[in-house]
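A.B. asks: One structure coming up, written as structure tokens, with questions to follow.
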Amino acid sequence: MSLINKKKIKSSLKAYLFLAPFLVAFGSMIVYPIGLGIKLSMYGQRGARMWYVGFENYTRIFNDPLFWESFKVPLFLLLVQVPVMLALGVMIAFMFETRKRSGAFYRLLYYLPYTIPGIVAGLVWSYIFSDSMSPLGPLFSLFGYTGKILTRGSVPSILLVIILWQFTGYTAFILYSSLIAIPREYAEAAQIDGAANWQIALRVKLPLLRDPLITLFIFNAIGAMQVFNEPRMLGDLVVLPPYYTPTMYIYSSAFSQGRFTYAAAMGIILAVLTCIISLYMLRTASKQILDRQH
Amino acid sequence: MNSASRSNRLVGIILFGLAAFFIFPFYWLTVGITKNVSQLFQKSLLPGVPSHLVDNVRNVFSYQNGVFLSWMGNSLLYATVGAFVGVLIASLAGFAFRRYDFYGKKLVFILILAFAMVPGFATTLPLFMLFRDLNLLDTRFAVLLPSMVNIFGVFMMIAYWNQVSEEVFDAAEIDGAHAWTIYWKIGLPNILPGAITLFLLAFVGAWNNFFLPLVVLNSRSRMPLILGITTMTDPQGFPIYNLTLTASFFTILPLLAVFISLQRYFKPQMYVR
């Protein structure tokens, strides 16, 4: 018994030596800042002076109409962009599947926008939609529209285009990878039963895409809530309020208005929301990783 | 024509049409960098005549005494060092989880997992305070240090290490190899492909990270490309569209080059954007 303990103590020592660099970095760059953020969120602030106020920042945030308004854009993206993108992704993945060999070029091409940073995507697209440079004028006048393309009212639709451009190919690629991993026997069995190709796709294969679709949905929901770079770049060409999205509101509260502790509290709320959204995925991920250990 | 070949043609047409949508901004950007401002304002889809490509490139590199070169160097430094150290640290942590049964194993794992989804927006503001107290604001460390934590990398590393069979380790241990030697000489070559994939993903992530440098940096000479290009204006503070476009082009060119040439290492991973 004591021999086993000694052995475990020894291996623990070794394990923590290997873990030490990560734990130090993780502790100082993630855990400590979160703790500091929670602490700051409980303080009132005027200039450099700070004092403890308990949960006052949080109650003020919940009564702050601008904070709630900043969720309009994320909500729009969650209700429109995410479903549209997942549907498009599934469709494209099935189309990729009909061209396993000759489609490699398309798969690469569709994936490319995913490697482009949101800042550059936002910048280039904002120019493409801008009044002074847009080559799309003739396209819009075809539909009888000759006014400005980039207005504050059209920004959500433009965000939709930018985000679809950035992530649809990636989504399709992930789903395609899941599709080609489905054992061929499944489709063959359905074929023998007389099912048509579209029926096999819909009834046999689509249900098997459930897990990647849930994960993609979660990632996109988180991304929608944190959208910052693209509207920031559009904001260079069209006036957007500083509370246009939650993260823009956090940033402007902290660095334009100097309300640091208020911004910290909003950051904590956003972090909690993110963790709630990702709970399901974390559970499955931890199960997978821990199970594989034994 | 039967229905199968008709639907096959329809798929071909849709794939082609979508390709046009995905390629369009790349085309417009490439064409755009051949134009000066007045040519951009002509809204044409064709390259500028006469071409101003050389002027634009020259002006980008001579902008404000060549600050653009500093931005490139900074981006390279932040992305390379951040990604490399991050992956190295993650591989050490993954090795600990793979090789040892230790006190608090589950607890440490759950702790890491619990913080995996914390958004950068929640940690960056307190990091600003922390770096201010440590006098690290507006230094390169303020960008480098946070990018060395790669939680996603730890999870992937645990998975990679799990694929290395037990016999490999046991054989080395019987030969009396030291734990460090086992990690370095025997383990690491086995997980190298995975480590390269992680490095590339982390490199792209750090190259594209905008919010952290935006918050912790002030001096233009320490900015990475992604932040620098958003600050390009003429002396009066007005935007210079052609230079910003050209600078954007050079910001994504290394990404595209790395991605296309090292495609086989970019296995699709679920990665938060």
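Please note that chains go A, B, ... in the order of the structure tokens, that every chain numbers its residues from 1, and that ligands are numbered from 1 in the order shown.
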Would you pick out the contacts of Tyr170 in chain A at 9 Å or less, using only C-alpha atoms, so that residues sharing its chain but fewer than 5 positions from it are not included, and give the list as a PyMOL selection string?
C.D. replies: (chain A and resi 89+107+110-114+175) or (chain B and resi 268)
A.B. asks: Please check the contacts: residues of chain B at most 7 Å away from chain A, using only C-alpha atoms, listed as a PyMOL selection string.
C.D. replies: chain B and resi 11+19+22+25+29+40-41+43-45+89-90+92-93+96+100-103+117-119+121-123+125-127+146+149+159+162+208+248+252+255+268+272-273
A.B. asks: Could you pull the residues within 7 Å of Ala142 in chain B, counting only C-alpha atoms, minus those fewer than 4 positions along the same chain, as a ChimeraX atom specification?
C.D. replies: /B:131,136-138,216
A.B. asks: Store the residues picked out above in a file with N, CA and C atoms, as a short mmCIF file (atom, residue, chain, number, x, y, z; two decimals), in the first residue's frame.
C.D. replies:
data_model
loop_
_atom_site.label_atom_id
_atom_site.label_comp_id
_atom_site.auth_asym_id
_atom_site.auth_seq_id
_atom_site.Cartn_x
_atom_site.Cartn_y
_atom_site.Cartn_z
N PHE B 131 -1.37 44.32 -16.79
CA PHE B 131 -0.16 44.79 -17.48
C PHE B 131 0.15 46.23 -17.10
N LEU B 136 3.80 46.73 -18.12
CA LEU B 136 4.01 46.00 -19.38
C LEU B 136 3.12 46.52 -20.50
N LEU B 137 2.26 47.50 -20.20
CA LEU B 137 1.41 48.04 -21.26
C LEU B 137 2.27 48.62 -22.36
N ASP B 138 1.79 48.46 -23.60
CA ASP B 138 2.48 48.99 -24.76
C ASP B 138 3.88 48.38 -24.93
N VAL B 216 -3.95 46.56 -25.65
CA VAL B 216 -2.72 46.71 -24.85
C VAL B 216 -1.63 47.54 -25.53
#
A.B. asks: Just give me the gap between CA of Arg203 in chain A and CA of Leu10 in chain B in Å, one decimal is fine.
C.D. replies: 22.0 Å
A.B. asks: Enumerate as a PyMOL selection string all residues of range 112-224 of chain B assigned to helix (DSSP H, G or I) by DSSP on the backbone, naming them with the chain letters and numbers the document uses.
C.D. replies: chain B and resi 112-116+120-133+140-147+151-162+166-174+179-207+211-216+220-222
A.B. asks: Expressed in Å to a single decimal, how great is the separation between CA of Gln64 in chain B and CA of Arg222 in chain B?
C.D. replies: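 Spanning CA of Gln64 in chain B to CA of Arg222 in chain B is a straight-line distance of 13.8 Å.
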